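Text of the file protein-v9.cif, holding mmCIF, C-alpha atoms:
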data_final
loop_
_atom_site.label_atom_id
_atom_site.label_comp_id
_atom_site.auth_asym_id
_atom_site.auth_seq_id
_atom_site.Cartn_x
_atom_site.Cartn_y
_atom_site.Cartn_z
CA MET A 62 177.45 224.68 56.18
CA LYS A 63 179.33 221.57 57.12
CA LEU A 64 181.91 219.62 55.14
CA PHE A 65 182.36 215.91 55.79
CA TYR A 66 185.96 215.09 54.92
CA SER A 67 188.68 212.54 55.46
CA LYS A 68 192.17 213.66 56.41
CA GLY A 69 194.29 214.21 53.29
CA ALA A 70 191.72 212.61 50.95
CA CYS A 71 190.39 214.36 47.85
CA SER A 72 188.04 216.26 50.17
CA LEU A 73 191.10 218.36 51.10
CA SER A 74 190.67 220.13 47.76
CA THR A 75 187.16 221.25 48.71
CA HIS A 76 188.44 222.22 52.15
CA ILE A 77 191.05 224.44 50.45
CA ILE A 78 188.44 226.04 48.18
CA ILE A 79 186.19 226.79 51.17
CA ASN A 80 189.11 228.57 52.84
CA GLU A 81 190.12 230.32 49.60
CA LEU A 82 186.58 231.71 49.46
CA GLY A 83 186.60 232.64 53.15
CA ILE A 84 183.41 230.69 53.82
CA LYS A 85 182.50 229.95 57.41
CA CYS A 86 182.16 226.19 57.60
CA GLU A 87 182.14 223.38 60.13
CA PHE A 88 184.31 220.34 59.38
CA GLU A 89 183.53 216.80 60.49
CA ALA A 90 185.96 213.97 59.81
CA VAL A 91 184.84 210.60 58.45
CA ASN A 92 186.71 207.35 58.97
CA LEU A 93 186.52 205.88 55.47
CA GLY A 94 187.39 202.41 56.79
CA THR A 95 184.54 202.18 59.30
CA LYS A 96 182.32 204.81 57.59
CA VAL A 97 181.69 206.44 60.98
CA THR A 98 182.04 210.19 61.50
CA GLU A 99 184.00 211.73 64.36
CA LYS A 100 180.69 212.41 66.12
CA GLY A 101 179.84 208.69 65.90
CA THR A 102 177.28 208.89 63.09
CA ASP A 103 176.99 206.07 60.53
CA PHE A 104 178.13 208.04 57.46
CA TYR A 105 175.96 205.93 55.13
CA THR A 106 172.90 207.52 56.80
CA ILE A 107 174.21 210.89 55.63
CA ASN A 108 175.58 210.00 52.18
CA PRO A 109 174.48 206.57 50.87
CA LYS A 110 177.51 206.59 48.56
CA GLY A 111 179.76 206.73 51.64
CA ALA A 112 182.11 209.14 49.90
CA VAL A 113 183.81 212.37 50.92
CA PRO A 114 183.59 215.24 50.41
CA THR A 115 179.93 215.69 51.28
CA LEU A 116 178.65 219.21 51.84
CA GLN A 117 175.65 219.79 54.09
CA LEU A 118 173.97 223.15 53.54
CA ASP A 119 172.38 225.07 56.41
CA ASN A 120 168.92 223.88 55.28
CA GLY A 121 170.10 220.27 55.56
CA GLU A 122 170.40 219.68 51.81
CA LEU A 123 173.40 217.65 50.73
CA ILE A 124 175.71 218.10 47.76
CA THR A 125 178.18 215.36 46.91
CA GLU A 126 181.04 214.86 44.43
CA ASN A 127 184.09 217.06 44.68
CA LEU A 128 183.81 218.86 41.40
CA VAL A 129 180.10 219.50 41.85
CA ILE A 130 180.50 220.88 45.37
CA GLN A 131 183.24 223.14 44.10
CA GLN A 132 181.08 224.39 41.24
CA TYR A 133 178.24 225.04 43.70
CA LEU A 134 180.59 227.05 45.92
CA VAL A 135 181.92 229.27 43.12
CA ASP A 136 178.46 229.68 41.59
CA THR A 137 177.09 230.97 44.91
CA HIS A 138 180.05 233.05 46.19
CA LYS A 139 181.95 235.97 44.70
CA ASN A 140 185.26 234.56 43.58
CA ASN A 141 188.12 234.54 41.11
CA LEU A 142 188.54 230.76 41.12
CA CYS A 143 186.23 229.97 38.19
CA PRO A 144 184.81 232.19 35.42
CA SER A 145 181.02 232.60 35.23
CA ILE A 146 178.65 230.84 32.90
CA GLY A 147 178.74 232.57 29.55
CA GLU A 148 182.52 232.84 29.56
CA ILE A 149 184.25 230.20 27.47
CA LYS A 150 187.14 230.27 29.96
CA ARG A 151 184.82 228.64 32.50
CA TYR A 152 184.93 225.41 30.56
CA HIS A 153 188.71 225.45 30.27
CA VAL A 154 188.98 225.76 34.05
CA LEU A 155 186.44 222.95 34.47
CA GLU A 156 188.34 220.79 31.97
CA TRP A 157 191.31 220.69 34.31
CA LEU A 158 189.07 220.13 37.32
CA SER A 159 187.54 217.18 35.50
CA PHE A 160 190.99 215.91 34.49
CA GLY A 161 192.02 216.12 38.15
CA ALA A 162 188.92 214.39 39.48
CA SER A 163 188.55 211.72 36.80
CA ASP A 164 191.89 211.08 35.13
CA LEU A 165 194.47 211.98 37.75
CA HIS A 166 192.65 211.00 40.96
CA LYS A 167 191.32 207.75 39.57
CA SER A 168 194.76 206.75 38.29
CA PHE A 169 195.75 206.50 41.95
CA THR A 170 192.80 204.24 42.80
CA PRO A 171 194.55 200.98 41.82
CA PHE A 172 197.46 201.84 44.12
CA PHE A 173 195.19 202.53 47.08
CA ALA A 174 193.16 199.41 46.26
CA TYR A 175 196.31 197.30 45.87
CA LYS A 176 197.22 197.88 49.49
CA MET A 177 194.23 195.67 50.25
CA ALA A 178 194.74 193.18 47.43
CA GLU A 179 196.87 190.50 45.89
CA PRO A 180 198.54 189.50 43.57
CA ALA A 181 201.00 192.21 42.50
CA LEU A 182 199.59 195.18 40.64
CA PRO A 183 200.13 194.98 36.87
CA ASP A 184 202.70 197.50 35.57
CA ILE A 185 200.11 199.05 33.27
CA PHE A 186 198.74 201.09 36.19
CA LEU A 187 202.05 202.83 36.77
CA THR A 188 202.22 203.60 33.04
CA ILE A 189 198.73 205.11 33.15
CA LEU A 190 199.50 207.28 36.19
CA LYS A 191 202.79 208.52 34.74
CA GLY A 192 200.95 209.41 31.53
CA LYS A 193 198.60 211.70 33.47
CA LEU A 194 201.51 213.35 35.28
CA ASN A 195 203.31 213.88 31.97
CA ILE A 196 200.27 215.71 30.56
CA LEU A 197 200.26 218.07 33.56
CA GLU A 198 204.05 218.54 33.35
CA LYS A 199 203.76 219.62 29.72
CA GLN A 200 200.83 221.94 30.40
CA LEU A 201 202.84 223.70 33.14
CA ALA A 202 205.79 224.42 30.83
CA ASP A 203 204.59 227.95 30.11
CA ARG A 204 202.35 228.83 33.04
CA ASP A 205 202.33 229.02 36.83
CA TYR A 206 198.90 227.43 37.29
CA ILE A 207 197.21 224.69 35.35
CA ALA A 208 194.58 226.88 33.65
CA GLY A 209 196.77 229.99 33.22
CA LYS A 210 198.35 232.77 35.26
CA HIS A 211 196.09 232.50 38.28
CA PHE A 212 195.11 229.90 40.85
CA THR A 213 191.74 228.31 39.99
CA LEU A 214 189.67 225.34 41.20
CA PRO A 215 191.72 222.55 39.58
CA ASP A 216 194.96 223.67 41.19
CA ALA A 217 193.71 222.65 44.63
CA TYR A 218 192.58 219.23 43.37
CA ILE A 219 195.83 218.52 41.51
CA PHE A 220 197.86 219.66 44.53
CA VAL A 221 196.01 217.17 46.73
CA CYS A 222 196.61 214.30 44.29
CA LEU A 223 200.32 215.15 44.05
CA ARG A 224 200.56 214.59 47.81
CA TRP A 225 199.71 210.90 47.11
CA LEU A 226 202.65 210.11 44.81
CA GLY A 227 204.32 208.01 47.49
CA VAL A 228 201.61 205.34 47.27
CA ALA A 229 202.90 204.62 43.74
CA LYS A 230 206.54 204.98 44.89
CA LEU A 231 206.95 208.08 42.71
CA THR A 232 208.50 211.45 43.64
CA LEU A 233 207.97 214.92 42.24
CA ALA A 234 211.70 215.15 41.51
CA ASP A 235 211.02 213.46 38.16
CA TRP A 236 208.54 216.18 37.13
CA PRO A 237 210.29 219.54 37.69
CA ASN A 238 207.39 221.75 36.53
CA LEU A 239 204.98 219.86 38.76
CA SER A 240 207.45 220.07 41.61
CA ASN A 241 207.67 223.87 41.37
CA TYR A 242 203.90 224.05 40.98
CA PHE A 243 203.38 221.96 44.10
CA ASP A 244 205.73 224.22 46.10
CA ARG A 245 203.92 227.31 44.82
CA ILE A 246 200.51 226.03 45.93
CA LYS A 247 201.55 224.70 49.30
CA GLU A 248 202.55 228.22 50.40
CA ARG A 249 199.05 229.64 49.89
CA PRO A 250 197.49 230.77 53.18
CA ALA A 251 194.26 228.83 52.48
CA VAL A 252 196.26 225.67 51.78
CA ILE A 253 198.32 226.02 54.97
CA GLN A 254 195.15 226.71 56.97
CA SER A 255 193.36 223.68 55.50
CA MET A 256 196.28 221.35 56.09
CA LYS A 257 196.53 222.55 59.69
CA GLU A 258 192.78 222.06 60.19
CA GLU A 259 193.12 218.45 58.94
CA GLY A 260 196.16 217.83 61.15
CA LEU A 261 198.45 217.27 58.17
CA ILE A 262 200.93 219.92 59.32
CA THR A 263 201.45 221.65 62.65
CA MET B 132 180.87 222.04 15.48
CA LYS B 133 182.73 218.75 15.28
CA LEU B 134 182.93 215.93 17.80
CA PHE B 135 185.96 213.67 17.83
CA TYR B 136 184.80 210.32 19.17
CA SER B 137 185.69 206.67 19.34
CA LYS B 138 183.09 204.02 18.56
CA GLY B 139 181.25 202.98 21.73
CA ALA B 140 183.66 204.82 24.05
CA CYS B 141 182.51 207.34 26.67
CA SER B 142 182.26 209.88 23.84
CA LEU B 143 179.05 208.10 22.87
CA SER B 144 177.39 209.87 25.79
CA THR B 145 178.27 213.28 24.34
CA HIS B 146 177.14 212.04 20.93
CA ILE B 147 173.77 211.14 22.48
CA ILE B 148 173.44 214.54 24.18
CA ILE B 149 174.22 216.34 20.89
CA ASN B 150 171.41 214.39 19.24
CA GLU B 151 169.06 214.89 22.22
CA LEU B 152 169.61 218.65 21.76
CA GLY B 153 169.16 218.44 17.99
CA ILE B 154 172.50 220.15 17.36
CA LYS B 155 173.95 219.99 13.88
CA CYS B 156 177.37 218.44 14.30
CA GLU B 157 180.07 216.70 12.29
CA PHE B 158 181.52 213.50 13.76
CA GLU B 159 185.08 212.30 13.19
CA ALA B 160 186.24 208.97 14.56
CA VAL B 161 189.57 208.55 16.36
CA ASN B 162 191.50 205.30 16.59
CA LEU B 163 192.51 205.35 20.26
CA GLY B 164 195.20 202.72 19.64
CA THR B 165 197.07 204.64 16.94
CA LYS B 166 195.73 208.11 17.95
CA VAL B 167 194.97 208.84 14.29
CA THR B 168 191.62 210.26 13.16
CA GLU B 169 189.59 208.83 10.30
CA LYS B 170 190.84 211.71 8.13
CA GLY B 171 194.43 210.70 8.88
CA THR B 172 195.27 213.47 11.36
CA ASP B 173 197.57 212.81 14.33
CA PHE B 174 195.02 213.28 17.11
CA TYR B 175 197.67 214.54 19.55
CA THR B 176 197.99 217.65 17.36
CA ILE B 177 194.30 218.33 18.06
CA ASN B 178 194.06 217.29 21.72
CA PRO B 179 197.43 216.83 23.46
CA LYS B 180 195.68 214.61 26.03
CA GLY B 181 194.75 212.24 23.20
CA ALA B 182 191.32 211.64 24.74
CA VAL B 183 187.81 211.55 23.35
CA PRO B 184 185.38 213.19 23.33
CA THR B 185 186.90 216.42 22.06
CA LEU B 186 184.56 219.11 20.77
CA GLN B 187 185.77 221.60 18.18
CA LEU B 188 183.67 224.74 17.99
CA ASP B 189 183.08 226.54 14.70
CA ASN B 190 185.71 229.15 15.66
CA GLY B 191 188.25 226.35 16.11
CA GLU B 192 188.25 226.46 19.91
CA LEU B 193 188.41 223.07 21.62
CA ILE B 194 186.58 221.80 24.67
CA THR B 195 187.62 218.50 26.22
CA GLU B 196 186.38 216.21 29.01
CA ASN B 197 183.00 214.60 28.69
CA LEU B 198 181.24 216.25 31.59
CA VAL B 199 182.60 219.68 30.66
CA ILE B 200 181.57 219.40 27.01
CA GLN B 201 178.11 218.33 28.14
CA GLN B 202 177.83 221.28 30.53
CA TYR B 203 178.92 223.61 27.73
CA LEU B 204 176.25 222.17 25.44
CA VAL B 205 173.40 222.56 27.93
CA ASP B 206 174.61 226.00 29.03
CA THR B 207 174.49 227.23 25.43
CA HIS B 208 171.36 225.46 24.12
CA LYS B 209 167.76 225.47 25.25
CA ASN B 210 167.21 222.12 26.94
CA ASN B 211 165.57 220.06 29.63
CA LEU B 212 168.63 217.90 30.30
CA CYS B 213 170.16 220.00 33.08
CA PRO B 214 168.69 222.77 35.28
CA SER B 215 170.20 226.25 35.02
CA ILE B 216 172.67 227.86 37.38
CA GLY B 217 170.78 229.18 40.38
CA GLU B 218 168.69 226.03 40.70
CA ILE B 219 169.90 223.64 43.37
CA LYS B 220 168.65 220.76 41.20
CA ARG B 221 171.44 221.55 38.75
CA TYR B 222 173.98 220.25 41.22
CA HIS B 223 172.04 217.06 41.87
CA VAL B 224 172.03 216.33 38.13
CA LEU B 225 175.74 217.11 37.95
CA GLU B 226 176.40 214.85 40.95
CA TRP B 227 175.27 211.85 38.96
CA LEU B 228 177.14 213.01 35.88
CA SER B 229 180.28 213.23 38.02
CA PHE B 230 179.56 209.82 39.55
CA GLY B 231 179.22 208.42 36.04
CA ALA B 232 182.39 210.03 34.73
CA SER B 233 184.60 209.53 37.77
CA ASP B 234 183.33 206.63 39.83
CA LEU B 235 181.54 204.38 37.37
CA HIS B 236 183.59 204.93 34.21
CA LYS B 237 186.93 204.79 36.00
CA SER B 238 185.95 201.55 37.76
CA PHE B 239 186.04 199.95 34.31
CA THR B 240 189.54 201.27 33.58
CA PRO B 241 191.38 198.37 35.27
CA PHE B 242 189.42 195.89 33.14
CA PHE B 243 190.25 197.68 29.90
CA ALA B 244 193.87 198.08 31.05
CA TYR B 245 194.08 194.42 32.10
CA LYS B 246 193.49 193.30 28.55
CA MET B 247 196.95 194.70 27.87
CA ALA B 248 198.56 193.56 31.11
CA GLU B 249 199.71 190.70 33.28
CA PRO B 250 199.46 189.17 35.87
CA ALA B 251 195.81 188.50 36.73
CA LEU B 252 193.75 191.45 37.92
CA PRO B 253 193.29 191.54 41.70
CA ASP B 254 189.70 190.76 42.81
CA ILE B 255 189.43 194.12 44.52
CA PHE B 256 188.66 195.77 41.17
CA LEU B 257 185.56 193.65 40.65
CA THR B 258 184.44 194.50 44.18
CA ILE B 259 184.89 198.22 43.48
CA LEU B 260 182.93 198.07 40.20
CA LYS B 261 180.09 196.06 41.75
CA GLY B 262 179.92 198.63 44.55
CA LYS B 263 179.30 201.41 42.03
CA LEU B 264 176.61 199.39 40.26
CA ASN B 265 174.94 198.66 43.60
CA ILE B 266 174.73 202.38 44.37
CA LEU B 267 172.99 203.01 41.04
CA GLU B 268 170.68 200.01 41.52
CA LYS B 269 169.53 201.39 44.87
CA GLN B 270 169.06 204.90 43.53
CA LEU B 271 166.82 203.54 40.75
CA ALA B 272 164.49 201.73 43.16
CA ASP B 273 161.97 204.59 43.15
CA ARG B 274 162.64 206.44 39.90
CA ASP B 275 162.86 205.90 36.17
CA TYR B 276 165.97 208.02 35.64
CA ILE B 277 168.99 208.50 37.85
CA ALA B 278 168.23 212.09 38.88
CA GLY B 279 164.42 211.76 38.99
CA LYS B 280 161.45 211.38 36.68
CA HIS B 281 163.10 212.69 33.54
CA PHE B 282 166.08 211.86 31.37
CA THR B 283 169.03 214.16 32.15
CA LEU B 284 172.74 214.33 31.25
CA PRO B 285 173.98 211.50 33.51
CA ASP B 286 171.55 208.96 32.06
CA ALA B 287 173.41 208.98 28.75
CA TYR B 288 176.78 208.53 30.45
CA ILE B 289 175.59 205.71 32.71
CA PHE B 290 173.91 203.99 29.76
CA VAL B 291 177.19 204.02 27.84
CA CYS B 292 179.12 202.54 30.78
CA LEU B 293 176.52 199.79 31.24
CA ARG B 294 177.28 198.68 27.66
CA TRP B 295 180.79 197.77 28.90
CA LEU B 296 179.79 195.25 31.59
CA GLY B 297 181.03 192.35 29.47
CA VAL B 298 184.65 193.44 29.87
CA ALA B 299 184.28 192.58 33.57
CA LYS B 300 182.29 189.43 32.76
CA LEU B 301 179.18 190.92 34.39
CA THR B 302 175.62 191.05 33.07
CA LEU B 303 172.75 193.38 33.79
CA ALA B 304 170.63 190.41 34.86
CA ASP B 305 172.09 190.77 38.36
CA TRP B 306 170.87 194.36 38.68
CA PRO B 307 167.15 194.36 37.71
CA ASN B 308 166.57 198.11 38.19
CA LEU B 309 169.62 198.91 36.09
CA SER B 310 168.50 196.40 33.49
CA ASN B 311 165.09 198.07 33.10
CA TYR B 312 166.76 201.48 33.10
CA PHE B 313 169.13 200.38 30.32
CA ASP B 314 166.22 199.12 28.21
CA ARG B 315 164.32 202.37 28.78
CA ILE B 316 167.23 204.50 27.56
CA LYS B 317 168.19 202.39 24.58
CA GLU B 318 164.78 203.05 23.00
CA ARG B 319 165.24 206.82 22.93
CA PRO B 320 165.38 208.16 19.36
CA ALA B 321 168.58 210.12 20.05
CA VAL B 322 170.24 207.01 21.47
CA ILE B 323 169.24 204.88 18.49
CA GLN B 324 170.42 207.58 16.09
CA SER B 325 173.77 207.94 17.87
CA MET B 326 174.38 204.21 17.97
CA LYS B 327 173.58 203.96 14.27
CA GLU B 328 175.92 206.87 13.49
CA GLU B 329 178.74 205.07 15.36
CA GLY B 330 177.98 201.78 13.60
CA LEU B 331 177.03 200.03 16.85
CA ILE B 332 173.62 198.96 15.52
CA THR B 333 172.21 198.79 12.03
#
Take the structure from the file and write it as structure tokens.
Amino acid sequence: MKLFYSKGACSLSTHIIINELGIKCEFEAVNLGTKVTEKGTDFYTINPKGAVPTLQLDNGELITENLVIQQYLVDTHKNNLCPSIGEIKRYHVLEWLSFGASDLHKSFTPFFAYKMAEPALPDIFLTILKGKLNILEKQLADRDYIAGKHFTLPDAYIFVCLRWLGVAKLTLADWPNLSNYFDRIKERPAVIQSMKEEGLIT
Amino acid sequence: MKLFYSKGACSLSTHIIINELGIKCEFEAVNLGTKVTEKGTDFYTINPKGAVPTLQLDNGELITENLVIQQYLVDTHKNNLCPSIGEIKRYHVLEWLSFGASDLHKSFTPFFAYKMAEPALPDIFLTILKGKLNILEKQLADRDYIAGKHFTLPDAYIFVCLRWLGVAKLTLADWPNLSNYFDRIKERPAVIQSMKEEGLIT
């Protein structure tokens, strides 16, 4: 399979999950500004939505949307990153994945968009983002990972979003539980491997 | 089971799915401004995230996040709203549910937030929202429902978001495929029933 990604974007979370699962995968970078892949392909001809991550299966079929690709990967590979259908715990893991993909990630969108826009960004967006971080901070008061004792799908997604705090001029120092959590995840071999493969660390 | 909802909010999509499945369910409204339920309960004591929809199972267990609640419902009830695990089509249905919950819904967030904020909202947010609507418009060029010939989970979610266009001073008239799609969905018995139960129509 092949993952279309953009360096450090939310696709990094899928990249991490692929490496956590030990799946053999090709990676092709997409320039999200020009929508051209590193091999020179117009990315819109691959995914009309123009968004990463996009997973291309060996039969050519495409799966898009971070949290759907990640569900596909755990549903088709032996893993301990997400409980199976039939277990109520599955939905609690997916709740945090959804919170990461919808609430947390999308609270950063105004800050990324603002870099292209004027006038100044209304303060309400900082309030919204801080509210999401506060929810995570509270949840981590009595656990090492967001859904419990073990690393599961949402931890990769939340980790990736926490790397973006600078765009909102925030630092993890104000959220001590999140700060420890971030440090815990960044030491995972699959995370280090993924960040090296995207050229984020050497 | 009981669904905590707010009139016309994204929880309406879960409300519709519950009625599509014919599930017996109690509904309790939440005032999202005061975070108090219609029975006078502090909603934060039920869901610390303070968000609707929140589903309370008969054993008291809670499931949150729209697209997770909806997956739980189809995974535990006979249905034709989402293919089972093992079918690749499942992920294509979930792709559009994720697009609805993350991309489309969250593109409205700045407009709802702006009502509380100053200064004027940068134009970039209208561009982003129109981009999401254009993707849906194109997808609907050759199909009646977003994932194919039949109504599936994402159709309820997208329908609910399309009801919000006014907040961005947009109208469906500029997206003819979406306009027909909206009219098709609003005639469904489960949609009419849900909108009546939330007091949106008489």
As a check of understanding: the span from atom CA of B:Ile332 to atom CA of B:Leu293 is 16.0 Å
Could you tell me which residues the PyMOL selection byres ((chain B) within 9 of (chain A)) returns for this structure, as JSON, numbers by chain?
{"B": [179, 180, 193, 194, 195, 196, 197, 198, 199, 200, 202, 203, 206, 207, 216, 217, 219, 222, 223, 225, 226, 227, 229, 230, 232, 233, 234, 236, 237, 238, 240, 241, 244, 245, 247, 248, 249, 250, 251, 252, 253, 254, 255, 256, 259, 263, 266]}
Residues picked by the PyMOL selection byres ((chain B and resi 324) around 12) here, as a ChimeraX atom specification?
/B:143,146-151,153,317-323,325-333
Going by the chain IDs and residue numbers used in this file, which residues fall under the PyMOL selection byres ((chain A and resi 218) around 8)? Write them as a list in words.
Cys71, Leu73, Ser74, Thr75, Leu158, Gly161, Ala162, Leu214, Pro215, Asp216, Ala217, Ile219, Phe220, Val221 and Cys222 of chain A
I want to know what sits within 9 Å of B:Trp295, based on all atoms listed in the file, with residues of the same chain fewer than 6 positions away left out; could you give that as a ChimeraX atom specification?
/B:139,239,301
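Reported to one decimal place, the separation of atom CA of A:His211 from atom CA of A:Ile84 is 20.1 Å.
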With a distance cut-off of 10 Å and all atoms listed in the file, select the neighbouring residues of A:Asp119, excluding the residue or stretch itself and same-chain residues fewer than 5 positions from it, and output the selection as a PyMOL selection string.
chain A and resi 62-63+86
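Atom to atom, atom CA of B:Ala182 and atom CA of B:Lys155 stand 22.1 Å apart.
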Starting from the point (196.6, 218.3, 15.8), work out which residues of protein, DNA or RNA have an atom no more than 12 Å away when counting all atoms listed in the file; state them as a PyMOL selection string.
chain B and resi 135+166-168+170-181+185+187+191+193
